[in-house]
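Below is structure-v2.cif, which holds mmCIF, C-alpha atoms and all ligand atoms.
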data_work
loop_
_atom_site.label_atom_id
_atom_site.label_comp_id
_atom_site.auth_asym_id
_atom_site.auth_seq_id
_atom_site.Cartn_x
_atom_site.Cartn_y
_atom_site.Cartn_z
CA MET Y 1 -3.93 -2.55 -14.52
CA ALA Y 2 -2.76 0.89 -15.55
CA LEU Y 3 0.68 -0.13 -14.35
CA GLU Y 4 0.73 -2.37 -17.40
CA LYS Y 5 1.96 0.62 -19.37
CA LEU Y 6 4.95 0.95 -17.08
CA GLY Y 7 5.59 -2.78 -17.31
CA LYS Y 8 5.49 -2.63 -21.10
CA ALA Y 9 7.90 0.30 -21.25
CA LEU Y 10 10.36 -1.40 -18.89
CA ASN Y 11 10.07 -4.61 -20.82
CA SER Y 12 10.76 -2.95 -24.12
CA ALA Y 13 13.92 -1.41 -22.62
CA LEU Y 14 15.10 -4.85 -21.55
CA LYS Y 15 14.14 -6.39 -24.90
CA LYS Y 16 16.26 -3.82 -26.66
CA LEU Y 17 19.16 -4.98 -24.52
CA ALA Y 18 18.43 -8.62 -25.30
CA ARG Y 19 18.43 -7.86 -29.03
CA SER Y 20 21.62 -5.82 -29.17
CA SER Y 21 24.64 -7.63 -30.57
CA THR Y 22 27.16 -6.25 -28.08
CA VAL Y 23 26.79 -4.91 -24.56
CA ASP Y 24 29.01 -1.88 -24.28
CA GLU Y 25 28.76 1.37 -22.35
CA ALA Y 26 26.56 2.97 -25.01
CA THR Y 27 24.06 0.07 -24.85
CA ILE Y 28 23.89 0.24 -21.08
CA LYS Y 29 23.36 4.01 -21.12
CA GLU Y 30 20.57 3.64 -23.64
CA VAL Y 31 18.79 1.00 -21.55
CA VAL Y 32 19.16 3.20 -18.47
CA ARG Y 33 17.68 6.17 -20.36
CA ASP Y 34 14.70 4.06 -21.46
CA ILE Y 35 14.11 2.94 -17.87
CA GLN Y 36 14.28 6.57 -16.72
CA ARG Y 37 11.69 7.59 -19.29
CA ALA Y 38 9.36 4.75 -18.34
CA LEU Y 39 9.48 5.59 -14.64
CA ILE Y 40 9.07 9.33 -15.11
CA GLN Y 41 6.03 8.70 -17.29
CA ALA Y 42 4.55 6.65 -14.45
CA ASP Y 43 4.91 9.77 -12.25
CA VAL Y 44 7.82 8.45 -10.21
CA ASN Y 45 9.70 11.31 -8.58
CA VAL Y 46 12.54 12.48 -10.83
CA ARG Y 47 15.11 12.59 -8.06
CA LEU Y 48 14.26 9.02 -7.06
CA VAL Y 49 14.43 7.92 -10.68
CA LEU Y 50 17.88 9.43 -11.08
CA GLN Y 51 19.15 7.76 -7.90
CA LEU Y 52 17.80 4.40 -8.97
CA THR Y 53 19.08 4.52 -12.52
CA LYS Y 54 22.49 5.75 -11.40
CA THR Y 55 22.83 2.65 -9.24
CA ILE Y 56 21.67 0.40 -12.09
CA GLU Y 57 24.13 2.02 -14.47
CA LYS Y 58 27.04 1.82 -12.05
CA ARG Y 59 26.42 -1.83 -11.25
CA ALA Y 60 25.89 -2.73 -14.92
CA LEU Y 61 29.15 -1.07 -15.90
CA GLU Y 62 31.27 -2.31 -13.02
CA GLU Y 63 30.04 -5.74 -12.02
CA LYS Y 64 31.14 -8.90 -13.71
CA ALA Y 65 28.46 -11.43 -14.59
CA PRO Y 66 28.58 -14.43 -12.26
CA ALA Y 67 29.75 -17.73 -13.69
CA GLY Y 68 27.16 -19.25 -15.99
CA ALA Y 69 25.33 -15.97 -16.67
CA SER Y 70 25.79 -13.74 -19.70
CA LYS Y 71 26.38 -10.01 -19.34
CA LYS Y 72 22.86 -9.38 -20.62
CA GLU Y 73 21.31 -11.75 -18.11
CA HIS Y 74 23.28 -10.12 -15.35
CA ILE Y 75 22.08 -6.63 -16.28
CA ILE Y 76 18.48 -7.82 -16.34
CA GLN Y 77 19.05 -9.30 -12.89
CA ILE Y 78 20.45 -5.97 -11.68
CA VAL Y 79 17.39 -4.09 -12.97
CA TYR Y 80 15.11 -6.61 -11.27
CA GLU Y 81 16.99 -6.36 -7.96
CA GLU Y 82 17.17 -2.58 -7.92
CA LEU Y 83 13.49 -2.13 -8.79
CA THR Y 84 12.59 -4.55 -6.00
CA LYS Y 85 14.73 -2.62 -3.52
CA PHE Y 86 13.17 0.59 -4.77
CA LEU Y 87 9.71 -0.67 -3.77
CA GLY Y 88 10.68 -1.75 -0.28
CA LYS Y 89 12.73 -4.91 -0.86
CA GLU Y 90 10.92 -7.44 1.32
CA ALA Y 91 7.22 -8.21 1.76
CA ARG Y 92 6.00 -7.03 5.17
CA PRO Y 93 2.92 -9.14 5.76
CA LEU Y 94 0.25 -8.16 8.26
CA GLU Y 95 0.76 -10.30 11.33
CA ILE Y 96 -2.01 -11.41 13.63
CA ARG Y 97 -0.17 -12.45 16.75
CA GLU Y 98 -2.54 -11.80 19.62
CA LYS Y 99 -6.19 -12.53 20.07
CA PRO Y 100 -7.80 -10.14 19.57
CA THR Y 101 -5.53 -8.07 17.37
CA VAL Y 102 -6.86 -4.53 17.10
CA LEU Y 103 -6.26 -2.59 13.88
CA LEU Y 104 -7.13 1.06 13.35
CA THR Y 105 -7.58 2.43 9.86
CA VAL Y 106 -7.19 6.08 8.93
CA GLY Y 107 -7.33 7.91 5.64
CA ILE Y 108 -8.52 10.97 3.80
CA GLN Y 109 -12.10 10.86 2.57
CA GLY Y 110 -12.36 9.31 -0.86
CA SER Y 111 -9.07 7.44 -0.48
CA GLY Y 112 -10.92 4.13 -0.59
CA LYS Y 113 -10.73 3.55 3.14
CA THR Y 114 -14.19 2.08 3.72
CA THR Y 115 -13.79 -0.25 0.75
CA SER Y 116 -10.32 -1.26 1.96
CA VAL Y 117 -11.60 -2.05 5.45
CA ALA Y 118 -14.23 -4.34 3.97
CA LYS Y 119 -11.62 -5.95 1.69
CA LEU Y 120 -9.23 -6.45 4.59
CA ALA Y 121 -11.93 -8.01 6.74
CA ARG Y 122 -12.77 -10.42 3.95
CA HIS Y 123 -9.07 -11.18 3.34
CA LEU Y 124 -8.60 -12.10 7.00
CA GLN Y 125 -11.83 -14.07 7.12
CA LYS Y 126 -10.66 -16.15 4.15
CA ARG Y 127 -7.56 -16.97 6.16
CA GLY Y 128 -9.65 -18.36 8.96
CA TYR Y 129 -9.89 -15.37 11.32
CA LYS Y 130 -13.11 -14.22 12.88
CA VAL Y 131 -13.30 -10.48 12.26
CA GLY Y 132 -15.40 -7.70 13.81
CA LEU Y 133 -15.64 -4.20 12.31
CA VAL Y 134 -16.18 -1.01 14.26
CA CYS Y 135 -17.37 2.05 12.40
CA SER Y 136 -16.35 5.08 14.44
CA ASP Y 137 -17.14 7.59 11.71
CA THR Y 138 -19.44 10.07 13.42
CA TRP Y 139 -19.30 12.56 10.57
CA ARG Y 140 -20.80 10.53 7.80
CA PRO Y 141 -23.77 8.45 9.03
CA GLY Y 142 -23.72 6.73 5.65
CA ALA Y 143 -20.33 5.19 6.43
CA TYR Y 144 -21.86 2.66 8.82
CA TYR Y 145 -24.42 1.49 6.26
CA GLN Y 146 -21.84 1.41 3.48
CA LEU Y 147 -19.56 -0.84 5.52
CA LYS Y 148 -22.46 -3.06 6.59
CA GLN Y 149 -23.61 -3.47 3.03
CA LEU Y 150 -20.12 -4.46 1.89
CA VAL Y 151 -19.47 -7.15 4.50
CA GLU Y 152 -22.90 -8.45 5.46
CA PRO Y 153 -23.01 -10.96 2.59
CA PHE Y 154 -20.01 -12.62 4.26
CA GLY Y 155 -21.49 -12.69 7.74
CA ILE Y 156 -19.02 -10.13 9.10
CA GLU Y 157 -20.54 -8.02 11.86
CA VAL Y 158 -20.27 -4.21 12.03
CA PHE Y 159 -20.57 -2.32 15.31
CA GLY Y 160 -21.69 1.28 15.00
CA ASP Y 161 -24.30 3.88 15.85
CA PRO Y 162 -25.09 6.51 13.20
CA ASN Y 163 -26.53 8.75 15.94
CA GLU Y 164 -23.50 8.77 18.23
CA LYS Y 165 -21.40 11.96 18.08
CA ASP Y 166 -18.36 10.86 20.06
CA ALA Y 167 -15.96 8.90 17.82
CA VAL Y 168 -13.58 7.96 20.61
CA ARG Y 169 -16.38 6.52 22.73
CA LEU Y 170 -17.75 4.60 19.77
CA ALA Y 171 -14.32 3.12 19.07
CA ARG Y 172 -13.85 2.11 22.69
CA GLU Y 173 -17.31 0.55 22.97
CA GLY Y 174 -16.89 -1.28 19.69
CA VAL Y 175 -13.60 -2.83 20.76
CA GLU Y 176 -15.14 -3.92 24.08
CA TYR Y 177 -18.12 -5.39 22.26
CA PHE Y 178 -16.00 -7.58 20.01
CA LYS Y 179 -13.59 -8.52 22.79
CA ASN Y 180 -16.54 -10.00 24.62
CA LYS Y 181 -17.55 -11.84 21.50
CA GLY Y 182 -14.14 -13.51 21.22
CA VAL Y 183 -13.22 -12.42 17.69
CA ASP Y 184 -9.63 -12.76 16.43
CA VAL Y 185 -9.29 -9.38 14.74
CA ILE Y 186 -11.08 -6.09 15.39
CA ILE Y 187 -10.77 -3.41 12.73
CA VAL Y 188 -11.76 0.09 13.81
CA ASP Y 189 -12.55 2.37 10.89
CA SER Y 190 -12.14 6.04 11.80
CA ALA Y 191 -13.73 9.04 10.09
CA GLY Y 192 -12.13 10.06 6.83
CA ARG Y 193 -13.35 13.62 6.79
CA HIS Y 194 -10.03 15.44 6.83
CA LYS Y 195 -8.41 16.81 3.76
CA ASP Y 196 -5.17 17.63 5.54
CA GLU Y 197 -2.63 15.32 7.08
CA SER Y 198 -2.44 17.08 10.43
CA GLY Y 199 -6.17 16.60 11.13
CA LEU Y 200 -5.87 12.99 10.16
CA ILE Y 201 -2.96 12.42 12.50
CA GLU Y 202 -4.64 14.25 15.39
CA GLU Y 203 -7.67 12.00 15.11
CA MET Y 204 -5.48 8.91 14.86
CA LYS Y 205 -3.77 9.90 18.10
CA GLN Y 206 -7.03 10.43 19.97
CA ILE Y 207 -8.54 7.12 18.97
CA SER Y 208 -5.21 5.31 19.44
CA GLU Y 209 -5.00 6.51 23.04
CA ALA Y 210 -8.43 5.06 23.72
CA ILE Y 211 -8.13 1.66 22.05
CA LYS Y 212 -4.36 1.00 21.93
CA PRO Y 213 -4.30 -0.68 18.50
CA HIS Y 214 -1.60 -3.20 17.55
CA GLU Y 215 -1.26 -1.48 14.23
CA VAL Y 216 -2.53 1.67 12.55
CA ILE Y 217 -3.14 1.36 8.83
CA LEU Y 218 -3.15 4.42 6.61
CA VAL Y 219 -5.11 4.16 3.37
CA ILE Y 220 -3.63 6.26 0.57
CA ASP Y 221 -5.22 6.96 -2.78
CA GLY Y 222 -2.79 5.74 -5.46
CA THR Y 223 -4.15 8.23 -8.00
CA ILE Y 224 -2.41 11.11 -6.19
CA GLY Y 225 0.93 9.77 -7.46
CA GLN Y 226 4.13 11.06 -5.89
CA GLN Y 227 2.19 13.41 -3.61
CA ALA Y 228 1.69 10.29 -1.50
CA TYR Y 229 5.18 10.91 -0.15
CA ASN Y 230 4.20 13.70 2.25
CA GLN Y 231 1.17 11.87 3.58
CA ALA Y 232 3.13 8.69 4.19
CA LEU Y 233 6.03 10.55 5.78
CA ALA Y 234 3.87 12.54 8.22
CA PHE Y 235 2.11 9.33 9.18
CA LYS Y 236 5.31 7.35 9.59
CA GLU Y 237 6.73 10.01 11.87
CA ALA Y 238 3.59 10.08 14.00
CA THR Y 239 3.25 6.35 14.69
CA PRO Y 240 5.82 3.61 15.19
CA ILE Y 241 3.21 0.98 14.42
CA GLY Y 242 1.97 2.16 11.07
CA SER Y 243 1.54 0.40 7.76
CA ILE Y 244 -0.01 1.47 4.49
CA ILE Y 245 -2.53 0.33 1.90
CA VAL Y 246 -2.20 2.04 -1.48
CA THR Y 247 -5.52 1.90 -3.35
CA LYS Y 248 -6.78 2.26 -6.92
CA LEU Y 249 -3.65 0.93 -8.58
CA ASP Y 250 -5.87 -0.60 -11.25
CA GLY Y 251 -7.10 2.69 -12.60
CA SER Y 252 -4.24 5.09 -12.24
CA ALA Y 253 -1.40 6.03 -14.53
CA LYS Y 254 0.26 7.47 -11.42
CA GLY Y 255 0.32 4.23 -9.46
CA GLY Y 256 4.05 3.75 -9.90
CA GLY Y 257 4.59 7.23 -8.49
CA ALA Y 258 2.46 6.56 -5.42
CA LEU Y 259 3.99 3.17 -4.64
CA SER Y 260 7.57 4.33 -4.99
CA ALA Y 261 6.90 7.54 -3.04
CA VAL Y 262 5.46 5.60 -0.11
CA ALA Y 263 8.28 3.04 -0.23
CA ALA Y 264 10.81 5.91 -0.18
CA THR Y 265 9.58 6.95 3.28
CA GLY Y 266 10.35 3.48 4.61
CA ALA Y 267 6.76 2.95 5.77
CA PRO Y 268 5.74 -0.63 5.03
CA ILE Y 269 3.18 -1.07 2.27
CA LYS Y 270 1.23 -4.15 3.29
CA PHE Y 271 -1.56 -4.25 0.73
CA ILE Y 272 -2.53 -2.73 -2.57
CA GLY Y 273 -6.05 -2.10 -3.84
CA VAL Y 274 -6.50 -3.23 -7.42
CA GLY Y 275 -10.22 -2.80 -8.08
CA GLU Y 276 -13.62 -2.01 -6.66
CA ARG Y 277 -14.67 -5.54 -5.76
CA ILE Y 278 -14.21 -6.97 -2.28
CA ASP Y 279 -11.56 -9.43 -3.45
CA ASP Y 280 -9.48 -6.75 -5.16
CA LEU Y 281 -6.90 -6.45 -2.39
CA GLU Y 282 -3.44 -7.99 -2.65
CA PRO Y 283 -0.75 -8.42 -0.03
CA PHE Y 284 2.14 -6.34 -1.33
CA ASP Y 285 5.34 -8.17 -2.10
CA PRO Y 286 7.94 -6.06 -3.96
CA LYS Y 287 9.59 -9.15 -5.48
CA ARG Y 288 6.40 -10.59 -6.84
CA PHE Y 289 5.23 -7.18 -7.97
CA VAL Y 290 8.39 -6.51 -9.98
CA SER Y 291 8.38 -10.02 -11.45
CA ARG Y 292 4.86 -9.43 -12.66
CA LEU Y 293 5.64 -5.94 -13.91
CA LEU Y 294 8.55 -7.25 -15.94
CA GLY Y 295 6.38 -10.20 -17.01
P1 LIG Y 301 -13.53 6.48 1.65
O1 LIG Y 301 -14.24 7.81 1.55
O2 LIG Y 301 -12.07 6.66 1.82
O3 LIG Y 301 -14.11 5.56 2.65
O4 LIG Y 301 -13.66 5.82 0.21
P2 LIG Y 301 -14.55 4.62 -0.35
O5 LIG Y 301 -14.13 3.34 0.23
O6 LIG Y 301 -15.98 4.99 -0.24
O7 LIG Y 301 -14.07 4.62 -1.86
C1 LIG Y 301 -14.19 5.73 -2.74
C2 LIG Y 301 -14.35 5.20 -4.17
O8 LIG Y 301 -13.14 4.56 -4.56
C3 LIG Y 301 -15.43 4.13 -4.30
O9 LIG Y 301 -16.12 4.35 -5.50
C4 LIG Y 301 -14.65 2.82 -4.35
O10 LIG Y 301 -15.32 1.82 -5.06
C5 LIG Y 301 -13.39 3.25 -5.05
N1 LIG Y 301 -12.24 2.39 -4.75
C6 LIG Y 301 -11.73 2.04 -3.55
N2 LIG Y 301 -10.64 1.25 -3.70
C7 LIG Y 301 -10.47 1.08 -5.03
C8 LIG Y 301 -9.50 0.36 -5.83
O11 LIG Y 301 -8.55 -0.28 -5.36
N3 LIG Y 301 -9.67 0.45 -7.19
C9 LIG Y 301 -10.69 1.17 -7.76
N4 LIG Y 301 -10.77 1.19 -9.09
N5 LIG Y 301 -11.58 1.85 -7.04
C10 LIG Y 301 -11.49 1.80 -5.69
#
As structure tokens, please, write out the structure in this file.
Amino acid sequence: MALEKLGKALNSALKKLARSSTVDEATIKEVVRDIQRALIQADVNVRLVLQLTKTIEKRALEEKAPAGASKKEHIIQIVYEELTKFLGKEARPLEIREKPTVLLTVGIQGSGKTTSVAKLARHLQKRGYKVGLVCSDTWRPGAYYQLKQLVEPFGIEVFGDPNEKDAVRLAREGVEYFKNKGVDVIIVDSAGRHKDESGLIEEMKQISEAIKPHEVILVIDGTIGQQAYNQALAFKEATPIGSIIVTKLDGSAKGGGALSAVAATGAPIKFIGVGERIDDLEPFDPKRFVSRLLG
């Protein structure tokens, strides 16, 4: 993972603290500066970095270590807690409450949407759900075949018609088709042709009206770094039932920037994409993520 670099830099800041003989104001300020540098290098927004490190510094200077913990241990705990909060605090798992649960995925072309839909279908199938996929991408006939190729080895069915021109109709028919088949989860994959957020949101609204999804999932390319903020914000404002998958965190030096930018909007990140293979999708849990980052 490219986020390893960030993990290493944060770790070396904490190691420096562990090695220092005394923990005074100067030591704390130095650790805070190292953390700032590490985050900025991972493309985290400077303003967010400053807010975060100010809180860490204030707590480290003011709080007393709880009984049984050393000052150093307490500061490490503060860094851990604040980084976790920074990434959204609690895990927000995808919930499948009703049968069928209908999910709609949206995303800009190239974001990794088709791959993520296949990964999500496989993830749910492994948890015992019967999943049906609807390809409502009428702009790229190849999308249907791409999705089919990804999930067919697992016996997951894809509904689609490369010749149909009406995406809303395709979505509606696909949902009906799988409802009649009694599947647990229906994932409708919309067209990812738009480069701009407004087009994306317009399309989401049209298809949403027709199929009334339980949740709309936006797929965001993690390599765009902190630019992910605007996309996530526009999306969050447009739908009360939205969640996000941030992809390509394995390859990007900007992954930290993308994750923190999305978390800053308050939109729940439910999964992260960490590779090209079908199993390279992880439920996102800020606590576990930070624990792993700090190794
Ligand atoms: P779409 O246009 O949004 O449907 O994008 P695709 O699903 O076709 O993905 C675009 C490219 O990104 C493909 O080459 C995928 O293999 C790749 N990709 C998708 N998700 C990930 C990921 O998490 N990590 C890496 N390294 N590549 C990914």
Practice prompt. Using all atoms listed in the file, find the one residue out of Y:Val79, Y:Lys113, Y:Gly88, Y:Gly192 that sits nearest to Ala267 (chain Y).
Written response: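 Among Y:Val79, Y:Lys113, Y:Gly88, Y:Gly192, it is Y:Gly88 that comes nearest to Ala267 (chain Y).
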Item to complete: Return the single residue from Y:Val106, Y:Asp221, Y:Leu147, Y:Lys126 that is closest to Gln206 (chain Y), with distances computed using only C-alpha atoms.
Response: Y:Val106
Six-sided padding of 3 Å per side, axis-aligned box over ligand LIG 301 (chain Y), centre and edges in Å, one decimal, as JSON:
{"center_x": -12.3, "center_y": 3.8, "center_z": -3.2, "size_x": 13.6, "size_y": 14.1, "size_z": 17.7}
Practice prompt. Kindly indicate which residue among Y:Gly107, Y:Gly266, Y:Gly225, Y:Gly155 lies nearest to ligand LIG 301 (chain Y), using only C-alpha atoms and all ligand atoms for the distances.
Written response: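 Closest residue, counting only C-alpha atoms and all ligand atoms: Y:Gly107.
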Item to complete: Would you be able to write out as an MDAnalysis selection string which residues have an atom within 7 Å of (-9.2, 7.3, 17.3) in the file's coordinates, counting all atoms listed in the file?
Response: chainID Y and resid 167:168 171 190 203:208 210
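Proximity ranking of Y:Arg292, Y:Lys64, Y:Lys130, Y:Lys270 relative to Val216 (chain Y) places Y:Lys270 first, based on all atoms listed in the file.
For Leu294 (chain Y), the non-local neighbours within 8 Å, defined as residues at least 4 positions apart in the same chain or in other chains and counting only C-alpha atoms, are Y:Gly7, Y:Lys8, Y:Leu10, Y:Asn11, Y:Val290.
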Worksheet item: Between CA of Thr105 (chain Y) and atom O6 of ligand LIG 301 (chain Y), what is the distance, to one decimal in Å?
Response: 13.4 Å
Fill in: Interatomic distance, CA of Lys58 (chain Y) to CA of Asp34 (chain Y) (Å, one decimal)
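Calculated distance between CA of Lys58 (chain Y) and CA of Asp34 (chain Y) is 15.7 Å.
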Discussion item. To check your reading of the model: which residues sit at most 10 Å from ligand LIG 301 (chain Y) when counting all atoms listed in the file? Write the answer as a PyMOL selection string.
Written reply: chain Y and resi 1+106-119+137+140+142-143+146-147+150+189-193+219-223+245-252+272-282
Kindly save the residues from that selection, with C-alpha atoms included, as a CSV table (one decimal), in the frame of the given file.
chain,number,residue,atom,x,y,z
Y,1,MET,CA,-3.9,-2.6,-14.5
Y,106,VAL,CA,-7.2,6.1,8.9
Y,107,GLY,CA,-7.3,7.9,5.6
Y,108,ILE,CA,-8.5,11.0,3.8
Y,109,GLN,CA,-12.1,10.9,2.6
Y,110,GLY,CA,-12.4,9.3,-0.9
Y,111,SER,CA,-9.1,7.4,-0.5
Y,112,GLY,CA,-10.9,4.1,-0.6
Y,113,LYS,CA,-10.7,3.6,3.1
Y,114,THR,CA,-14.2,2.1,3.7
Y,115,THR,CA,-13.8,-0.2,0.8
Y,116,SER,CA,-10.3,-1.3,2.0
Y,117,VAL,CA,-11.6,-2.0,5.4
Y,118,ALA,CA,-14.2,-4.3,4.0
Y,119,LYS,CA,-11.6,-6.0,1.7
Y,137,ASP,CA,-17.1,7.6,11.7
Y,140,ARG,CA,-20.8,10.5,7.8
Y,142,GLY,CA,-23.7,6.7,5.6
Y,143,ALA,CA,-20.3,5.2,6.4
Y,146,GLN,CA,-21.8,1.4,3.5
Y,147,LEU,CA,-19.6,-0.8,5.5
Y,150,LEU,CA,-20.1,-4.5,1.9
Y,189,ASP,CA,-12.6,2.4,10.9
Y,190,SER,CA,-12.1,6.0,11.8
Y,191,ALA,CA,-13.7,9.0,10.1
Y,192,GLY,CA,-12.1,10.1,6.8
Y,193,ARG,CA,-13.4,13.6,6.8
Y,219,VAL,CA,-5.1,4.2,3.4
Y,220,ILE,CA,-3.6,6.3,0.6
Y,221,ASP,CA,-5.2,7.0,-2.8
Y,222,GLY,CA,-2.8,5.7,-5.5
Y,223,THR,CA,-4.2,8.2,-8.0
Y,245,ILE,CA,-2.5,0.3,1.9
Y,246,VAL,CA,-2.2,2.0,-1.5
Y,247,THR,CA,-5.5,1.9,-3.4
Y,248,LYS,CA,-6.8,2.3,-6.9
Y,249,LEU,CA,-3.6,0.9,-8.6
Y,250,ASP,CA,-5.9,-0.6,-11.2
Y,251,GLY,CA,-7.1,2.7,-12.6
Y,252,SER,CA,-4.2,5.1,-12.2
Y,272,ILE,CA,-2.5,-2.7,-2.6
Y,273,GLY,CA,-6.0,-2.1,-3.8
Y,274,VAL,CA,-6.5,-3.2,-7.4
Y,275,GLY,CA,-10.2,-2.8,-8.1
Y,276,GLU,CA,-13.6,-2.0,-6.7
Y,277,ARG,CA,-14.7,-5.5,-5.8
Y,278,ILE,CA,-14.2,-7.0,-2.3
Y,279,ASP,CA,-11.6,-9.4,-3.4
Y,280,ASP,CA,-9.5,-6.8,-5.2
Y,281,LEU,CA,-6.9,-6.4,-2.4
Y,282,GLU,CA,-3.4,-8.0,-2.6
Worksheet, complete the sentence: From CA of Leu48 (chain Y) to CA of Thr265 (chain Y) the spacing works out at 11.5 Å
Fill in: Shell around Gln231 (chain Y) at 9 Å using all atoms listed in the file, local window under 5 positions removed, as a list in words
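With the cut-off at 9 Å, the set is Asp196, Glu197, Ile220, Lys236 and Val262 of chain Y.
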Fill in: Nearest to Leu133 (chain Y) by atom-to-atom distance, counting all atoms listed in the file, from Y:Ala238, Y:Val102, Y:Ala13, Y:Leu200
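Going through Y:Ala238, Y:Val102, Y:Ala13, Y:Leu200 one by one, the smallest distance to Leu133 (chain Y) is for Y:Val102.
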Worksheet item: Nearest to Ser260 (chain Y) among Y:Glu4, Y:Glu152, Y:Leu14, Y:Arg47, with distances taken over only C-alpha atoms: which residue is it?
Response: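 The shortest atom-to-atom distance to Ser260 (chain Y) comes from Y:Arg47.
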Near-Glu25 (chain Y) list (9 Å; all atoms listed in the file; drop same-chain fewer than 5 positions) as a tab-separated table (two decimals) with C-alpha atoms, in the coordinates of the input:
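Written file, selection_22.tsv:
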chain	number	residue	atom	x	y	z
Y	30	GLU	CA	20.57	3.64	-23.64
Y	60	ALA	CA	25.89	-2.73	-14.92
Y	61	LEU	CA	29.15	-1.07	-15.90
Please provide the set of residues having any atom within 10 Å of Phe159 (chain Y), restricted to all atoms listed in the file, with same-chain residues fewer than 6 positions apart removed, written as a compact mmCIF listing (two decimals) with C-alpha atoms, keeping the file's coordinate frame.
# COMPACT_ATOMS: atom_id res chain seq x y z
CA GLY Y 132 -15.40 -7.70 13.81
CA LEU Y 133 -15.64 -4.20 12.31
CA VAL Y 134 -16.18 -1.01 14.26
CA CYS Y 135 -17.37 2.05 12.40
CA SER Y 136 -16.35 5.08 14.44
CA TYR Y 144 -21.86 2.66 8.82
CA LEU Y 147 -19.56 -0.84 5.52
CA LYS Y 148 -22.46 -3.06 6.59
CA LEU Y 170 -17.75 4.60 19.77
CA ALA Y 171 -14.32 3.12 19.07
CA GLU Y 173 -17.31 0.55 22.97
CA GLY Y 174 -16.89 -1.28 19.69
CA VAL Y 175 -13.60 -2.83 20.76
CA TYR Y 177 -18.12 -5.39 22.26
CA PHE Y 178 -16.00 -7.58 20.01
CA VAL Y 188 -11.76 0.09 13.81
Fill in: Who sits within 7 Å of Tyr129 (chain Y), all atoms listed in the file, same chain under 5 positions skipped, as a ChimeraX atom specification
/Y:124,184-185
